[in-house]
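S.K.: My structure file work.txt, compact mmCIF, C-alpha atoms and all ligand atoms, is below:
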# COMPACT_ATOMS: atom_id res chain seq x y z
CA MET A 1 175.27 -125.24 119.17
CA LYS A 2 173.65 -128.14 117.40
CA ILE A 3 174.62 -129.74 114.12
CA GLY A 4 172.20 -128.78 111.37
CA SER A 5 172.02 -126.97 108.05
CA ASN A 6 174.52 -124.20 107.44
CA MET A 7 176.76 -125.30 110.30
CA VAL A 8 180.42 -126.12 109.94
CA VAL A 9 181.26 -129.34 111.72
CA SER A 10 184.61 -130.61 112.83
CA LEU A 11 184.91 -134.19 114.04
CA THR A 12 187.26 -137.09 114.47
CA TYR A 13 186.30 -140.57 113.38
CA LYS A 14 187.49 -144.08 112.90
CA LEU A 15 186.15 -145.85 109.84
CA THR A 16 186.12 -149.62 109.80
CA ASN A 17 184.69 -152.31 107.55
CA HIS A 18 181.44 -153.15 109.33
CA LYS A 19 181.62 -156.83 108.39
CA THR A 20 185.27 -157.61 109.08
CA GLY A 21 186.15 -154.88 111.60
CA GLU A 22 189.22 -154.01 109.53
CA LYS A 23 190.31 -150.38 109.96
CA ILE A 24 190.01 -148.31 106.79
CA GLU A 25 190.99 -144.87 108.02
CA GLU A 26 191.20 -142.78 111.16
CA THR A 27 191.43 -139.06 111.69
CA THR A 28 193.35 -137.48 114.55
CA THR A 29 192.50 -134.61 116.87
CA GLU A 30 195.26 -132.60 115.18
CA ASN A 31 193.78 -133.30 111.78
CA PRO A 32 190.01 -133.65 112.15
CA MET A 33 187.47 -133.83 109.35
CA LEU A 34 185.89 -130.44 108.67
CA PHE A 35 182.84 -129.96 106.48
CA LEU A 36 179.84 -127.76 105.75
CA TYR A 37 176.74 -129.65 106.86
CA GLY A 38 173.75 -130.09 104.57
CA VAL A 39 175.22 -129.31 101.16
CA GLY A 40 175.59 -132.89 99.99
CA ALA A 41 179.36 -132.90 100.25
CA ILE A 42 179.40 -136.16 102.18
CA ILE A 43 177.31 -139.35 102.43
CA PRO A 44 173.70 -138.28 103.27
CA GLU A 45 173.23 -141.02 105.85
CA PHE A 46 176.44 -139.93 107.58
CA GLU A 47 174.94 -136.43 107.98
CA GLU A 48 171.59 -137.82 109.16
CA ASN A 49 173.33 -139.69 111.95
CA LEU A 50 174.96 -136.48 113.19
CA ASP A 51 171.87 -134.28 113.07
CA GLY A 52 171.37 -132.36 116.34
CA LYS A 53 174.62 -133.46 117.97
CA VAL A 54 176.75 -131.01 119.97
CA VAL A 55 180.43 -130.65 120.80
CA GLY A 56 181.70 -133.59 122.83
CA ASP A 57 178.98 -135.97 121.66
CA VAL A 58 180.20 -139.32 120.50
CA PHE A 59 178.70 -141.25 117.62
CA LYS A 60 178.74 -144.82 116.41
CA PHE A 61 176.77 -146.08 113.43
CA ALA A 62 176.95 -148.27 110.35
CA ILE A 63 176.00 -147.46 106.76
CA ASP A 64 175.23 -150.18 104.22
CA SER A 65 177.34 -150.07 101.07
CA GLU A 66 174.28 -149.18 98.93
CA ASN A 67 173.86 -146.00 100.95
CA ALA A 68 177.59 -145.26 101.03
CA TYR A 69 179.77 -145.77 97.96
CA GLY A 70 177.46 -148.12 96.09
CA THR A 71 177.95 -151.52 94.58
CA PRO A 72 180.95 -152.25 92.38
CA SER A 73 179.92 -152.24 88.74
CA GLU A 74 181.46 -153.84 85.65
CA GLU A 75 180.75 -150.59 83.83
CA GLN A 76 183.40 -148.92 85.94
CA ILE A 77 186.05 -151.22 84.52
CA ALA A 78 187.66 -149.82 81.40
CA MET A 79 190.31 -150.77 78.87
CA LEU A 80 192.38 -147.70 78.08
CA PRO A 81 194.97 -147.36 75.32
CA ILE A 82 198.44 -147.51 76.86
CA SER A 83 199.40 -144.48 74.76
CA ILE A 84 197.71 -142.11 77.21
CA PHE A 85 200.23 -143.17 79.84
CA GLN A 86 203.26 -142.87 77.57
CA ASN A 87 205.61 -139.91 77.43
CA GLU A 88 206.94 -138.39 74.22
CA GLU A 89 209.43 -141.23 73.86
CA GLY A 90 206.65 -143.81 74.13
CA LYS A 91 207.73 -144.94 77.60
CA ILE A 92 205.55 -145.44 80.64
CA ASN A 93 206.59 -144.46 84.14
CA GLU A 94 206.84 -147.85 85.80
CA GLU A 95 207.01 -146.30 89.24
CA GLU A 96 203.50 -144.91 88.78
CA LEU A 97 201.88 -147.38 86.41
CA PHE A 98 201.96 -150.95 87.65
CA GLU A 99 199.37 -153.57 88.51
CA GLY A 100 197.81 -152.66 91.84
CA ALA A 101 198.65 -148.95 91.59
CA PHE A 102 196.08 -146.20 92.03
CA VAL A 103 196.53 -143.65 89.28
CA PRO A 104 195.02 -140.15 89.44
CA MET A 105 193.15 -139.32 86.24
CA SER A 106 190.38 -137.07 85.01
CA ASP A 107 187.35 -137.87 82.89
CA ASN A 108 186.02 -135.98 79.86
CA ASP A 109 184.22 -133.52 82.13
CA GLY A 110 187.39 -132.73 84.03
CA ASN A 111 186.33 -134.60 87.16
CA HIS A 112 189.22 -136.07 89.10
CA LEU A 113 189.09 -139.76 89.82
CA ARG A 114 191.44 -142.53 90.76
CA GLY A 115 191.73 -145.72 88.84
CA LEU A 116 193.14 -149.00 90.09
CA VAL A 117 195.42 -150.67 87.55
CA LEU A 118 194.24 -154.27 87.15
CA GLU A 119 196.33 -155.40 84.22
CA ILE A 120 198.84 -153.94 81.79
CA LYS A 121 198.99 -155.40 78.29
CA ASP A 122 201.02 -154.38 75.24
CA GLU A 123 198.44 -151.94 73.92
CA LEU A 124 195.89 -151.63 76.69
CA VAL A 125 195.62 -150.97 80.39
CA LYS A 126 192.69 -152.47 82.27
CA MET A 127 191.54 -150.12 85.00
CA ASP A 128 188.92 -150.21 87.72
CA PHE A 129 187.24 -146.87 88.44
CA ASN A 130 184.93 -148.20 91.12
CA HIS A 131 185.30 -146.31 94.38
CA PRO A 132 187.73 -148.25 96.60
CA LEU A 133 184.95 -148.47 99.22
CA ALA A 134 182.23 -149.65 96.81
CA GLY A 135 180.56 -152.77 98.11
CA ILE A 136 181.79 -152.24 101.66
CA ASP A 137 179.48 -151.69 104.62
CA LEU A 138 180.98 -148.86 106.65
CA HIS A 139 181.15 -148.42 110.38
CA PHE A 140 181.95 -145.03 111.85
CA GLU A 141 182.67 -144.01 115.39
CA GLY A 142 184.01 -140.73 116.64
CA THR A 143 183.56 -137.47 118.51
CA ILE A 144 182.20 -134.05 117.58
CA VAL A 145 185.05 -131.53 118.04
CA GLU A 146 183.52 -128.23 116.94
CA VAL A 147 180.20 -126.87 115.66
CA ARG A 148 179.89 -123.29 114.44
CA PRO A 149 177.69 -121.35 112.04
CA ALA A 150 179.13 -121.12 108.52
CA THR A 151 180.29 -117.70 107.39
CA GLU A 152 178.54 -116.05 104.47
CA GLU A 153 181.58 -116.70 102.36
CA GLU A 154 181.53 -120.41 103.21
CA LEU A 155 177.84 -120.65 102.31
CA GLU A 156 178.53 -118.87 99.03
CA HIS A 157 181.38 -121.26 98.22
CA GLY A 158 179.53 -124.33 99.45
CA HIS A 159 182.43 -125.58 101.59
CA ALA A 160 184.14 -124.97 104.90
CA HIS A 161 187.18 -122.74 105.20
CA GLY A 162 189.96 -122.92 107.76
CA VAL A 163 193.05 -124.85 108.64
CA HIS A 164 191.46 -128.20 107.78
CA GLY A 165 189.06 -126.92 105.15
CA HIS A 166 189.57 -125.13 101.87
CA GLN A 167 192.37 -122.60 101.94
CA HIS A 168 192.25 -120.07 99.18
ZN ZN C 201 185.87 -121.23 99.50
Could you render the structure as C-alpha cells?
M.R.:
Amino acid sequence: MKIGSNMVVSLTYKLTNHKTGEKIEETTTENPMLFLYGVGAIIPEFEENLDGKVVGDVFKFAIDSENAYGTPSEEQIAMLPISIFQNEEGKINEEELFEGAFVPMSDNDGNHLRGLVLEIKDELVKMDFNHPLAGIDLHFEGTIVEVRPATEEELEHGHAHGVHGHQH
C-alpha cells in the first residue's frame, strides 16, 4: 500500500538541524510517529516527500525553515503582566516560571502554545512565542513502518487513532 490521501502512516524518523547536524529529536520503533496523511496536520513539504512510499522505504530530505516552522518574528515576542502567573497570594511558582523555561499557555482563541520565558521583571514577563524550530532548516531521515487506509471514523475526526494516535 502506498502513502497517499486518506492513508494512515506510521514512521520513525530522526530530525536534525540541517546546517549544524545537531540532533533535535528522534522517534523509536516502539513509539513511532502516526498521522493521517493529507489533512494538513503536518508540514506540507514533509508529506510531499513521503508521497507514494511503501512500508520499509527509507527517506532522507531537508526542508528550509521558511517551508517548515517559518522565520522568527519580533511580533511573537510579548510582554505579559506578571499577575497572570501569580496565585491568589500574589506569588509565582519559581519552579515553573524562570528565565529559559517553556511555559504552556493558551491564547484568546483557546489555542495551546508554549512560550519561552526571556526575562522576568517586577511587573512584566517577556516571552517568546516563536516556534522553537522557527528559523531552523530541518533534516529528516527515517523509515516507513506502516501504511493502512484510514477508517471512516478517522476520516471523520481528521486524525489517526490507535496506540500512538488519538485515544478517545
Ligand atoms: Zn478521533
S.K.: Applying 8 Å and all atoms listed in the file, which residues near Gly4 in chain A remain after dropping the ones on its own chain fewer than 6 positions away? List them as a list in words.
M.R.: Tyr37, Gly38, Asp51 and Gly52 of chain A
S.K.: Quick one: pull the distance between CA of Gly135 in chain A and CA of Leu36 in chain A, Å, one decimal.
M.R.: 26.2 Å
S.K.: Point out the residue among A:Gly115, A:Pro72, A:Gly40, A:Gly158 with the least atom-to-atom distance to Glu96 in chain A, counting only C-alpha atoms.
M.R.: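 Closest to Glu96 in chain A, using only C-alpha atoms: A:Gly115.
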S.K.: Let me have all residues with an atom within 10 Å of ligand ZN 201 (chain C), counting all atoms listed in the file, laid out as JSON, numbers by chain.
M.R.: {"A": [153, 154, 155, 156, 157, 158, 159, 160, 161, 162, 165, 166, 167, 168]}
S.K.: Could you state the separation of CA of Leu133 in chain A and CA of Gly56 in chain A in Å, given to one decimal place?
M.R.: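 Between these atoms lies a distance of 28.1 Å.
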S.K.: Could you pull the residues within 9 Å of His18 in chain A, counting all atoms listed in the file, minus those fewer than 4 positions along the same chain, as a list in words?
M.R.: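 Skipping anything fewer than 4 positions along the chain leaves Glu22, Ala62, Ile63, Asp64, Ile136, Asp137, Leu138, His139 and Phe140 of chain A.
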S.K.: Print the selection's residues with C-alpha atoms to a file, as a PDB file, in the frame of the given file.
M.R.:
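So the final result, stored in result-v8.pdb, reads:
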ATOM      1  CA  GLU A  22     189.220-154.010 109.530  1.00  0.00           C
ATOM      2  CA  ALA A  62     176.950-148.270 110.350  1.00  0.00           C
ATOM      3  CA  ILE A  63     176.000-147.460 106.760  1.00  0.00           C
ATOM      4  CA  ASP A  64     175.230-150.180 104.220  1.00  0.00           C
ATOM      5  CA  ILE A 136     181.790-152.240 101.660  1.00  0.00           C
ATOM      6  CA  ASP A 137     179.480-151.690 104.620  1.00  0.00           C
ATOM      7  CA  LEU A 138     180.980-148.860 106.650  1.00  0.00           C
ATOM      8  CA  HIS A 139     181.150-148.420 110.380  1.00  0.00           C
ATOM      9  CA  PHE A 140     181.950-145.030 111.850  1.00  0.00           C
TER      10      PHE A 140
END
S.K.: List the spatial neighbours of Lys60 in chain A as a PyMOL selection string - criterion: any atom at most 12 Å away, all atoms listed in the file, same-chain residues fewer than 3 positions off excluded.
M.R.: chain A and resi 12-16+18+46+49-50+57+63+138-144
S.K.: Could you write out that same residue set with C-alpha atoms as a short mmCIF file (atom, residue, chain, number, x, y, z; two decimals), keeping the file's coordinate frame?
M.R.:
data_model
loop_
_atom_site.label_atom_id
_atom_site.label_comp_id
_atom_site.auth_asym_id
_atom_site.auth_seq_id
_atom_site.Cartn_x
_atom_site.Cartn_y
_atom_site.Cartn_z
CA THR A 12 187.26 -137.09 114.47
CA TYR A 13 186.30 -140.57 113.38
CA LYS A 14 187.49 -144.08 112.90
CA LEU A 15 186.15 -145.85 109.84
CA THR A 16 186.12 -149.62 109.80
CA HIS A 18 181.44 -153.15 109.33
CA PHE A 46 176.44 -139.93 107.58
CA ASN A 49 173.33 -139.69 111.95
CA LEU A 50 174.96 -136.48 113.19
CA ASP A 57 178.98 -135.97 121.66
CA ILE A 63 176.00 -147.46 106.76
CA LEU A 138 180.98 -148.86 106.65
CA HIS A 139 181.15 -148.42 110.38
CA PHE A 140 181.95 -145.03 111.85
CA GLU A 141 182.67 -144.01 115.39
CA GLY A 142 184.01 -140.73 116.64
CA THR A 143 183.56 -137.47 118.51
CA ILE A 144 182.20 -134.05 117.58
#
S.K.: Using only C-alpha atoms for the distances, tell me which of A:Val39, A:Leu34, A:Glu25, A:Ile92 is nearest to Val147 in chain A.
M.R.: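 The shortest atom-to-atom distance to Val147 in chain A comes from A:Leu34.
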S.K.: Nearest to Leu97 in chain A: which of A:Pro32, A:Lys126, A:Gly110, A:Lys53 is it, counting all atoms listed in the file?
M.R.: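 Under the stated criterion, the closest residue is A:Lys126.
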S.K.: From the options A:Ser65, A:Asn87, A:Asn130, A:Thr151, which residue's atoms come nearest to Phe102 in chain A, counting all atoms listed in the file?
M.R.: A:Asn130
S.K.: Just to confirm, what's the straight-line distance from CA of Asn93 in chain A to CA of Ser106 in chain A in Å (one decimal)?
M.R.: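 So the two atoms, CA of Asn93 in chain A and CA of Ser106 in chain A, lie 17.8 Å apart.
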S.K.: With only C-alpha atoms counted, which protein, DNA or RNA residues have an atom no more than 12 Å from (201.9, -145.3, 77.7) in the file frame? Please answer as an MDAnalysis selection string.
M.R.: chainID A and resid 80:94 96:98 120:125
S.K.: Using all atoms listed in the file, which of the listed residues (A:Met1, A:Val9, A:Phe129, A:Lys23) sits closest to His112 in chain A?
M.R.: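 Nearest to His112 in chain A: A:Phe129.
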